Amino acid sequence: MKKIKNTLLIVISFSLITSCNSNISKEETSKESIQNRFVKFLEYKPDSLAFPRSYSIVKNEIKKVPSKDWTSGFYAGNLWQIHELTGESEYKDLAKKWTAFIEKEKYNDRTHDMGFKVFCSFGQGLKHIESDHYKSVIVKSSQTLRTRFNNTVGSIRSWDFNKKTWNFPVIIDNMMNLEMLFEATKISNDSSFHKLAVIHANTTLKNHFRPDNSSYHVVDYNPENGNIRMKVTHQGFNDASVWARGQGWAIYGYTMAYRYTKDKKYLDQAEATTNFYLSHKNLPKDGIPYWDFKDPSIPNAPRDVSAATVISSALVELYQYTNKPKYLDYSKKVIKSLKTEEYLLKPTINAPFILKHSTGNWPKKDEIDEPIVYADYYFLETLLRLKEMDKQ
Ligand code: GLY
């Protein structure tokens with residue numbers, strides 16, 4: 001009874017404060033909503049076989065995946081980043097646990113998604129703890145990823161499935177692996193990882209972009225002679241369409257590749273694809289794109305918050321290399337939009353996710369308009385990048 005009375009008092013005082021102080025900004029209210037979402041991560045129990053990947057609001061069900069799934073590393077990454085934002089050690093303790101569950105992936109040579117899995121977990125961890133063990137996992141994972149590189153093509157092979165159609169598929173998402181390879185060279189002094197990353201970035205630069213600087217999703221090569229067999233999509237609306245998250249991987253990938261190489265052509269590509277994206281007539285005013293810019297059902301097509309957060313994070317970095325305010329303006333606009341009820345998950349939902357309205361795989365009708373772990377990852381990264389920039 002006493003507890004209920006106290007809670008009532010707190011609620012009444014809070015309502016009085018908010019109603020008396022009409023100046024209280026929406027941002028202040030949403031700061032609290034975001035903190036409420038963070039707490040859900042503390043409530044979710046560690047399980048080495050069940051990484052939270054997405055959440056169905058309709059079914060009230062968390063989709064859980066094993067460590068081999070391409071998204072497994074983001075959950076640990078989210079915990080590391082929430083720890084960095086809040087300074088609270090409980091998140092760090094949990095982050096360590098979830099990061100350890102990923103380690104066996106360092107031997108998994110059957111997919112290219114090593115960067116997402118290992119660098120978003122162990123790589124994030126290295127920002128918070130000095131660990132030779134974490135470093136060795138990053139180097140071993142890079143050695144494993146290197147086995148998928150074909151020198152004749154000049155690329156890392158992305159996928160092994162769909163062998164009847166593709167011979168050597170390379171997807172634009174693969175650019176995201178390069179951060180781990182560049183770091184592996186810094187850790188080990190073995191320059192081969194850096195060199196391989198540069199070759200991959202150059203091949204992708206040559207073959208993945210259309211004249212308007214939008215990116216194809218998949219380029220399939222002949223591994224015997226390096227010739228291009230086809231340029232197609234797997235997750236976009238059709239082969240000629242503009243899959244929003246793919247543009248995100250391209251923008252983020254080339255901005256990051258510039259960070260490690262200072263090669264101007266990477267910066268130019270990042271800017272060219274960004275300008276294509278920002279000036280597209282189908283980019284909504286709140287900055288959150290439809291899942292594909294060419295879905296004929298626009299404006300009724302689902303949005304993809306994950307594409308928005310990948311790009312908002314990349315553009316904080318791109319702004320720092322170029323000093324062009326339009327890039328930073330976009331990142332800030334996205335964050336402002338996402339900190340509203342339209343995009344933040346309600347506090348009553350007991351699942352470790354922050355944002356609604358991402359689209360995972362539209363052609364497969366999978367994870368449409370749902371909270372997805374990687375949207376949160378790049379949202380948190382954007383917040384941290386903006387915070388870091390404000391300090392300078
Ligand atoms: N890398 C897979 C995706 O973006 O859905």
# chains A, B, ... in the order shown; residues from 1 in each chain; ligands from 1

$ residues_around --residues "segment 360-362 of chain A" --least-positions-apart "4" --cutoff "6 Å" --atoms "only C-alpha atoms" --output "list in words"
Gln235, Asp366 and Glu367 of chain A

$ write_last_selection --atoms "all heavy atoms" --output "PDB file, in the first residue's frame"
ATOM      1  N   GLN A 235      17.447  -8.069 -52.401  1.00  0.00           N
ATOM      2  CA  GLN A 235      16.529  -7.530 -51.380  1.00  0.00           C
ATOM      3  C   GLN A 235      15.796  -6.270 -51.817  1.00  0.00           C
ATOM      4  O   GLN A 235      14.999  -5.725 -51.060  1.00  0.00           O
ATOM      5  CB  GLN A 235      17.301  -7.267 -50.079  1.00  0.00           C
ATOM      6  CG  GLN A 235      17.489  -8.541 -49.258  1.00  0.00           C
ATOM      7  CD  GLN A 235      18.550  -8.408 -48.191  1.00  0.00           C
ATOM      8  OE1 GLN A 235      19.660  -8.886 -48.343  1.00  0.00           O
ATOM      9  NE2 GLN A 235      18.227  -7.736 -47.111  1.00  0.00           N
ATOM     10  N   ASP A 366       9.624 -10.592 -45.058  1.00  0.00           N
ATOM     11  CA  ASP A 366      10.179 -10.919 -43.747  1.00  0.00           C
ATOM     12  C   ASP A 366      10.616  -9.631 -43.039  1.00  0.00           C
ATOM     13  O   ASP A 366      11.327  -8.822 -43.629  1.00  0.00           O
ATOM     14  CB  ASP A 366      11.396 -11.843 -43.966  1.00  0.00           C
ATOM     15  CG  ASP A 366      11.931 -12.400 -42.664  1.00  0.00           C
ATOM     16  OD1 ASP A 366      11.154 -12.508 -41.700  1.00  0.00           O
ATOM     17  OD2 ASP A 366      13.128 -12.735 -42.620  1.00  0.00           O
ATOM     18  N   GLU A 367      10.197  -9.461 -41.793  1.00  0.00           N
ATOM     19  CA  GLU A 367      10.548  -8.292 -40.977  1.00  0.00           C
ATOM     20  C   GLU A 367      10.168  -6.980 -41.669  1.00  0.00           C
ATOM     21  O   GLU A 367      11.015  -6.131 -41.945  1.00  0.00           O
ATOM     22  CB  GLU A 367      12.046  -8.310 -40.618  1.00  0.00           C
ATOM     23  CG  GLU A 367      12.422  -9.493 -39.731  1.00  0.00           C
ATOM     24  CD  GLU A 367      13.921  -9.629 -39.477  1.00  0.00           C
ATOM     25  OE1 GLU A 367      14.711  -9.290 -40.376  1.00  0.00           O
ATOM     26  OE2 GLU A 367      14.288 -10.088 -38.388  1.00  0.00           O
TER      27      GLU A 367
END

$ residues_near_ligand --ligand "ligand 1" --cutoff "10 Å" --atoms "only C-alpha atoms and all ligand atoms" --output "list in words"
Trp70, Thr71, His112, Asp113, Phe116, Ser158, Ile171, Ile172, Asp173, Asn174, Met176, His217, His234, Gln235, Gly236, Trp243, Ala244, Arg245, Gly246, Gly248, Trp249, Ser306, Ala307, Thr359, Gly360, Asn361, Trp362 and Tyr374 of chain A

$ closest_residue --among "A:Ala201, A:Ile187, A:Leu345, A:Val373" --to "Lys63 of chain A" --atoms "only C-alpha atoms"
A:Val373

$ closest_residue --among "A:Ile349, A:Ser33, A:Asn282, A:Met230" --to "Lys294 of chain A" --atoms "only C-alpha atoms"
A:Asn282

$ atom_distance --atom1 "atom CA of Gly253 of chain A" --atom2 "atom CA of Phe51 of chain A"
25.0 Å

$ residues_around --residues "Tyr330 of chain A" --least-positions-apart "3" --cutoff "10 Å" --atoms "only C-alpha atoms" --output "list in words"
Leu278, Asp286, Gly287, Ile288, Ala308, Ile311, Ser312, Ser313, Leu315, Val316, Pro325, Lys326, Tyr327, Lys333, Val334, Ile335 and Lys336 of chain A

$ select_by_dssp --residues "segment 130-248 of chain A" --states "alpha helix (DSSP H)" --output "number ranges by chain"
A: 132-146, 178-188, 192-207, 244-248

$ write_last_selection --atoms "N, CA and C atoms" --output "short mmCIF file (atom, residue, chain, number, x, y, z; two decimals), in the first residue's frame"
data_model
loop_
_atom_site.label_atom_id
_atom_site.label_comp_id
_atom_site.auth_asym_id
_atom_site.auth_seq_id
_atom_site.Cartn_x
_atom_site.Cartn_y
_atom_site.Cartn_z
N ASP A 132 43.91 -8.21 -25.23
CA ASP A 132 44.64 -8.90 -26.30
C ASP A 132 43.78 -10.02 -26.89
N HIS A 133 42.93 -10.56 -26.02
CA HIS A 133 42.07 -11.64 -26.51
C HIS A 133 41.09 -11.10 -27.58
N TYR A 134 40.44 -9.98 -27.30
CA TYR A 134 39.53 -9.38 -28.28
C TYR A 134 40.29 -9.09 -29.60
N LYS A 135 41.51 -8.58 -29.45
CA LYS A 135 42.30 -8.27 -30.65
C LYS A 135 42.56 -9.54 -31.46
N SER A 136 42.89 -10.62 -30.74
CA SER A 136 43.21 -11.87 -31.45
C SER A 136 41.96 -12.41 -32.17
N VAL A 137 40.78 -12.18 -31.61
CA VAL A 137 39.54 -12.63 -32.28
C VAL A 137 39.36 -11.85 -33.59
N ILE A 138 39.66 -10.57 -33.55
CA ILE A 138 39.51 -9.74 -34.76
C ILE A 138 40.50 -10.17 -35.85
N VAL A 139 41.71 -10.50 -35.44
CA VAL A 139 42.71 -10.93 -36.43
C VAL A 139 42.34 -12.31 -37.00
N LYS A 140 41.96 -13.23 -36.12
CA LYS A 140 41.58 -14.58 -36.60
C LYS A 140 40.39 -14.48 -37.56
N SER A 141 39.40 -13.65 -37.20
CA SER A 141 38.21 -13.49 -38.06
C SER A 141 38.60 -12.93 -39.42
N SER A 142 39.57 -12.03 -39.42
CA SER A 142 40.02 -11.43 -40.69
C SER A 142 40.74 -12.47 -41.54
N GLN A 143 41.50 -13.35 -40.87
CA GLN A 143 42.17 -14.44 -41.62
C GLN A 143 41.12 -15.36 -42.25
N THR A 144 40.07 -15.63 -41.49
CA THR A 144 39.00 -16.50 -42.02
C THR A 144 38.31 -15.81 -43.20
N LEU A 145 38.01 -14.53 -43.04
CA LEU A 145 37.33 -13.79 -44.12
C LEU A 145 38.21 -13.76 -45.38
N ARG A 146 39.52 -13.66 -45.16
CA ARG A 146 40.46 -13.59 -46.29
C ARG A 146 40.36 -14.82 -47.20
N LEU A 178 35.10 -4.08 -44.40
CA LEU A 178 36.44 -3.55 -44.57
C LEU A 178 36.97 -2.88 -43.29
N GLU A 179 36.06 -2.37 -42.47
CA GLU A 179 36.49 -1.71 -41.22
C GLU A 179 37.28 -2.72 -40.36
N MET A 180 36.76 -3.95 -40.29
CA MET A 180 37.44 -4.98 -39.50
C MET A 180 38.81 -5.28 -40.10
N LEU A 181 38.88 -5.35 -41.44
CA LEU A 181 40.16 -5.67 -42.08
C LEU A 181 41.19 -4.54 -41.87
N PHE A 182 40.74 -3.31 -42.02
CA PHE A 182 41.67 -2.18 -41.78
C PHE A 182 42.19 -2.21 -40.35
N GLU A 183 41.29 -2.51 -39.41
CA GLU A 183 41.70 -2.55 -38.00
C GLU A 183 42.61 -3.74 -37.73
N ALA A 184 42.37 -4.86 -38.44
CA ALA A 184 43.21 -6.05 -38.24
C ALA A 184 44.66 -5.73 -38.60
N THR A 185 44.86 -4.92 -39.62
CA THR A 185 46.23 -4.51 -39.97
C THR A 185 46.83 -3.64 -38.87
N LYS A 186 46.02 -2.74 -38.32
CA LYS A 186 46.54 -1.88 -37.25
C LYS A 186 46.92 -2.72 -36.01
N ILE A 187 46.14 -3.74 -35.74
CA ILE A 187 46.39 -4.59 -34.55
C ILE A 187 47.62 -5.47 -34.78
N SER A 188 47.70 -6.07 -35.98
CA SER A 188 48.70 -7.14 -36.19
C SER A 188 49.94 -6.69 -36.95
N SER A 192 48.55 -7.20 -45.19
CA SER A 192 47.75 -7.88 -46.22
C SER A 192 46.25 -7.60 -46.06
N PHE A 193 45.79 -7.42 -44.82
CA PHE A 193 44.35 -7.17 -44.62
C PHE A 193 43.97 -5.80 -45.23
N HIS A 194 44.79 -4.81 -44.98
CA HIS A 194 44.54 -3.47 -45.50
C HIS A 194 44.56 -3.51 -47.04
N LYS A 195 45.56 -4.20 -47.58
CA LYS A 195 45.69 -4.26 -49.06
C LYS A 195 44.48 -4.92 -49.69
N LEU A 196 44.04 -6.00 -49.06
CA LEU A 196 42.88 -6.72 -49.58
C LEU A 196 41.62 -5.83 -49.54
N ALA A 197 41.50 -5.08 -48.45
CA ALA A 197 40.34 -4.18 -48.31
C ALA A 197 40.34 -3.14 -49.42
N VAL A 198 41.52 -2.63 -49.74
CA VAL A 198 41.62 -1.60 -50.79
C VAL A 198 41.24 -2.20 -52.16
N ILE A 199 41.72 -3.42 -52.42
CA ILE A 199 41.38 -4.04 -53.71
C ILE A 199 39.86 -4.24 -53.81
N HIS A 200 39.27 -4.73 -52.70
CA HIS A 200 37.82 -4.95 -52.70
C HIS A 200 37.07 -3.63 -52.93
N ALA A 201 37.49 -2.59 -52.24
CA ALA A 201 36.82 -1.28 -52.37
C ALA A 201 36.95 -0.75 -53.81
N ASN A 202 38.12 -0.97 -54.43
CA ASN A 202 38.32 -0.47 -55.80
C ASN A 202 37.44 -1.23 -56.79
N THR A 203 37.35 -2.55 -56.62
CA THR A 203 36.52 -3.36 -57.53
C THR A 203 35.05 -2.94 -57.40
N THR A 204 34.61 -2.76 -56.15
CA THR A 204 33.21 -2.38 -55.91
C THR A 204 32.94 -0.99 -56.49
N LEU A 205 33.91 -0.10 -56.33
CA LEU A 205 33.76 1.27 -56.86
C LEU A 205 33.56 1.23 -58.39
N LYS A 206 34.31 0.34 -59.03
CA LYS A 206 34.25 0.26 -60.49
C LYS A 206 32.92 -0.34 -60.97
N ASN A 207 32.40 -1.32 -60.23
CA ASN A 207 31.31 -2.13 -60.80
C ASN A 207 29.94 -1.98 -60.16
N ALA A 244 16.97 1.05 -50.30
CA ALA A 244 17.46 2.13 -49.43
C ALA A 244 18.66 1.71 -48.57
N ARG A 245 18.57 0.54 -47.94
CA ARG A 245 19.67 0.17 -47.05
C ARG A 245 20.97 -0.08 -47.83
N GLY A 246 20.81 -0.55 -49.07
CA GLY A 246 22.00 -0.74 -49.92
C GLY A 246 22.73 0.58 -50.14
N GLN A 247 21.95 1.66 -50.31
CA GLN A 247 22.59 2.98 -50.49
C GLN A 247 23.33 3.34 -49.20
N GLY A 248 22.73 2.93 -48.08
CA GLY A 248 23.35 3.17 -46.77
C GLY A 248 24.69 2.46 -46.64
#

$ atom_distance --atom1 "atom CA of Lys387 of chain A" --atom2 "atom CA of Trp80 of chain A"
15.6 Å

$ closest_residue --among "A:Gly154, A:Pro299, A:Gly77, A:Pro352" --to "Asn227 of chain A" --atoms "only C-alpha atoms"
A:Gly154

$ select_by_dssp --residues "segment 112-223 of chain A" --states "strand (DSSP E)" --output "list of chain:residue names"
A:Phe149, A:Asn150, A:Ser155, A:Ile156, A:Pro169, A:Val170, A:Ile171, A:Val218, A:Val219, A:Asp220, A:Tyr221

$ decode --residues "segment 19-127 of chain A" --atoms "C-alpha atoms" --output "CSV table (one decimal), in the first residue's frame"
chain,number,residue,atom,x,y,z
A,19,SER,CA,1.9,20.8,-16.7
A,20,CYS,CA,3.3,23.7,-14.7
A,21,ASN,CA,6.4,23.9,-16.8
A,22,SER,CA,4.9,24.3,-20.3
A,23,ASN,CA,8.5,24.9,-21.5
A,24,ILE,CA,9.5,21.3,-21.0
A,25,SER,CA,10.6,20.3,-24.5
A,26,LYS,CA,9.6,17.2,-26.4
A,27,GLU,CA,13.3,16.3,-26.4
A,28,GLU,CA,13.5,16.1,-22.6
A,29,THR,CA,10.4,13.9,-22.5
A,30,SER,CA,11.9,11.6,-25.1
A,31,LYS,CA,15.2,11.4,-23.3
A,32,GLU,CA,13.2,9.7,-20.6
A,33,SER,CA,11.5,7.4,-23.2
A,34,ILE,CA,14.9,6.4,-24.5
A,35,GLN,CA,16.2,5.6,-21.0
A,36,ASN,CA,13.0,3.5,-20.6
A,37,ARG,CA,13.9,1.5,-23.7
A,38,PHE,CA,17.5,1.0,-22.4
A,39,VAL,CA,16.2,-0.7,-19.2
A,40,LYS,CA,14.6,-3.4,-21.4
A,41,PHE,CA,18.1,-4.6,-22.3
A,42,LEU,CA,18.8,-5.2,-18.6
A,43,GLU,CA,15.7,-7.3,-18.3
A,44,TYR,CA,16.6,-9.6,-21.3
A,45,LYS,CA,18.6,-12.7,-20.1
A,46,PRO,CA,21.8,-13.7,-21.8
A,47,ASP,CA,21.4,-16.8,-24.0
A,48,SER,CA,24.2,-18.0,-26.3
A,49,LEU,CA,21.8,-19.6,-28.7
A,50,ALA,CA,19.2,-16.8,-29.0
A,51,PHE,CA,20.4,-13.4,-30.2
A,52,PRO,CA,17.5,-10.9,-30.4
A,53,ARG,CA,17.1,-9.9,-34.0
A,54,SER,CA,13.7,-8.2,-34.4
A,55,TYR,CA,10.4,-7.9,-32.7
A,56,SER,CA,6.9,-8.5,-34.1
A,57,ILE,CA,4.5,-6.0,-32.6
A,58,VAL,CA,1.6,-7.9,-34.0
A,59,LYS,CA,2.6,-11.2,-32.5
A,60,ASN,CA,4.3,-9.7,-29.5
A,61,GLU,CA,7.2,-12.0,-30.3
A,62,ILE,CA,11.0,-11.6,-30.3
A,63,LYS,CA,12.7,-13.2,-33.3
A,64,LYS,CA,15.9,-14.9,-31.9
A,65,VAL,CA,18.8,-16.2,-34.0
A,66,PRO,CA,22.0,-18.2,-33.5
A,67,SER,CA,25.4,-16.6,-33.6
A,68,LYS,CA,25.9,-17.6,-37.3
A,69,ASP,CA,23.2,-15.2,-38.3
A,70,TRP,CA,24.5,-12.0,-39.9
A,71,THR,CA,22.8,-9.8,-37.2
A,72,SER,CA,24.2,-11.6,-34.1
A,73,GLY,CA,26.9,-9.0,-33.3
A,74,PHE,CA,24.6,-6.0,-33.1
A,75,TYR,CA,23.0,-6.9,-29.8
A,76,ALA,CA,26.4,-6.9,-28.0
A,77,GLY,CA,27.2,-3.7,-29.9
A,78,ASN,CA,24.0,-2.1,-28.7
A,79,LEU,CA,24.9,-2.9,-25.1
A,80,TRP,CA,28.5,-1.5,-25.5
A,81,GLN,CA,27.1,1.6,-26.9
A,82,ILE,CA,24.3,2.0,-24.3
A,83,HIS,CA,27.1,1.6,-21.7
A,84,GLU,CA,29.0,4.4,-23.4
A,85,LEU,CA,26.0,6.7,-23.5
A,86,THR,CA,24.9,6.1,-19.9
A,87,GLY,CA,28.2,5.3,-18.1
A,88,GLU,CA,26.3,2.4,-16.3
A,89,SER,CA,28.4,-0.7,-15.7
A,90,GLU,CA,25.5,-3.2,-15.9
A,91,TYR,CA,25.3,-2.7,-19.6
A,92,LYS,CA,29.1,-3.3,-19.9
A,93,ASP,CA,28.8,-6.6,-17.9
A,94,LEU,CA,26.1,-7.8,-20.2
A,95,ALA,CA,28.0,-6.6,-23.3
A,96,LYS,CA,30.9,-8.8,-22.3
A,97,LYS,CA,28.7,-11.9,-22.0
A,98,TRP,CA,27.0,-11.4,-25.3
A,99,THR,CA,30.3,-10.6,-27.0
A,100,ALA,CA,31.8,-13.9,-25.8
A,101,PHE,CA,28.9,-15.8,-27.4
A,102,ILE,CA,30.0,-14.6,-30.8
A,103,GLU,CA,33.6,-15.9,-30.6
A,104,LYS,CA,33.1,-19.2,-32.4
A,105,GLU,CA,32.1,-17.2,-35.5
A,106,LYS,CA,35.8,-16.4,-36.0
A,107,TYR,CA,36.1,-19.8,-37.7
A,108,ASN,CA,33.0,-19.5,-39.8
A,109,ASP,CA,34.2,-19.3,-43.5
A,110,ARG,CA,30.8,-19.9,-45.0
A,111,THR,CA,29.7,-16.3,-45.3
A,112,HIS,CA,31.2,-12.8,-45.6
A,113,ASP,CA,29.3,-11.3,-42.7
A,114,MET,CA,32.3,-11.4,-40.4
A,115,GLY,CA,32.5,-7.6,-40.0
A,116,PHE,CA,28.9,-7.3,-38.8
A,117,LYS,CA,29.2,-10.2,-36.4
A,118,VAL,CA,32.7,-9.7,-35.0
A,119,PHE,CA,33.5,-6.1,-35.4
A,120,CYS,CA,30.2,-4.7,-34.1
A,121,SER,CA,30.7,-6.8,-30.9
A,122,PHE,CA,34.5,-7.3,-30.3
A,123,GLY,CA,35.4,-4.1,-32.1
A,124,GLN,CA,33.0,-2.1,-30.0
A,125,GLY,CA,34.3,-3.8,-26.9
A,126,LEU,CA,37.8,-2.7,-27.6
A,127,LYS,CA,36.7,0.9,-27.1
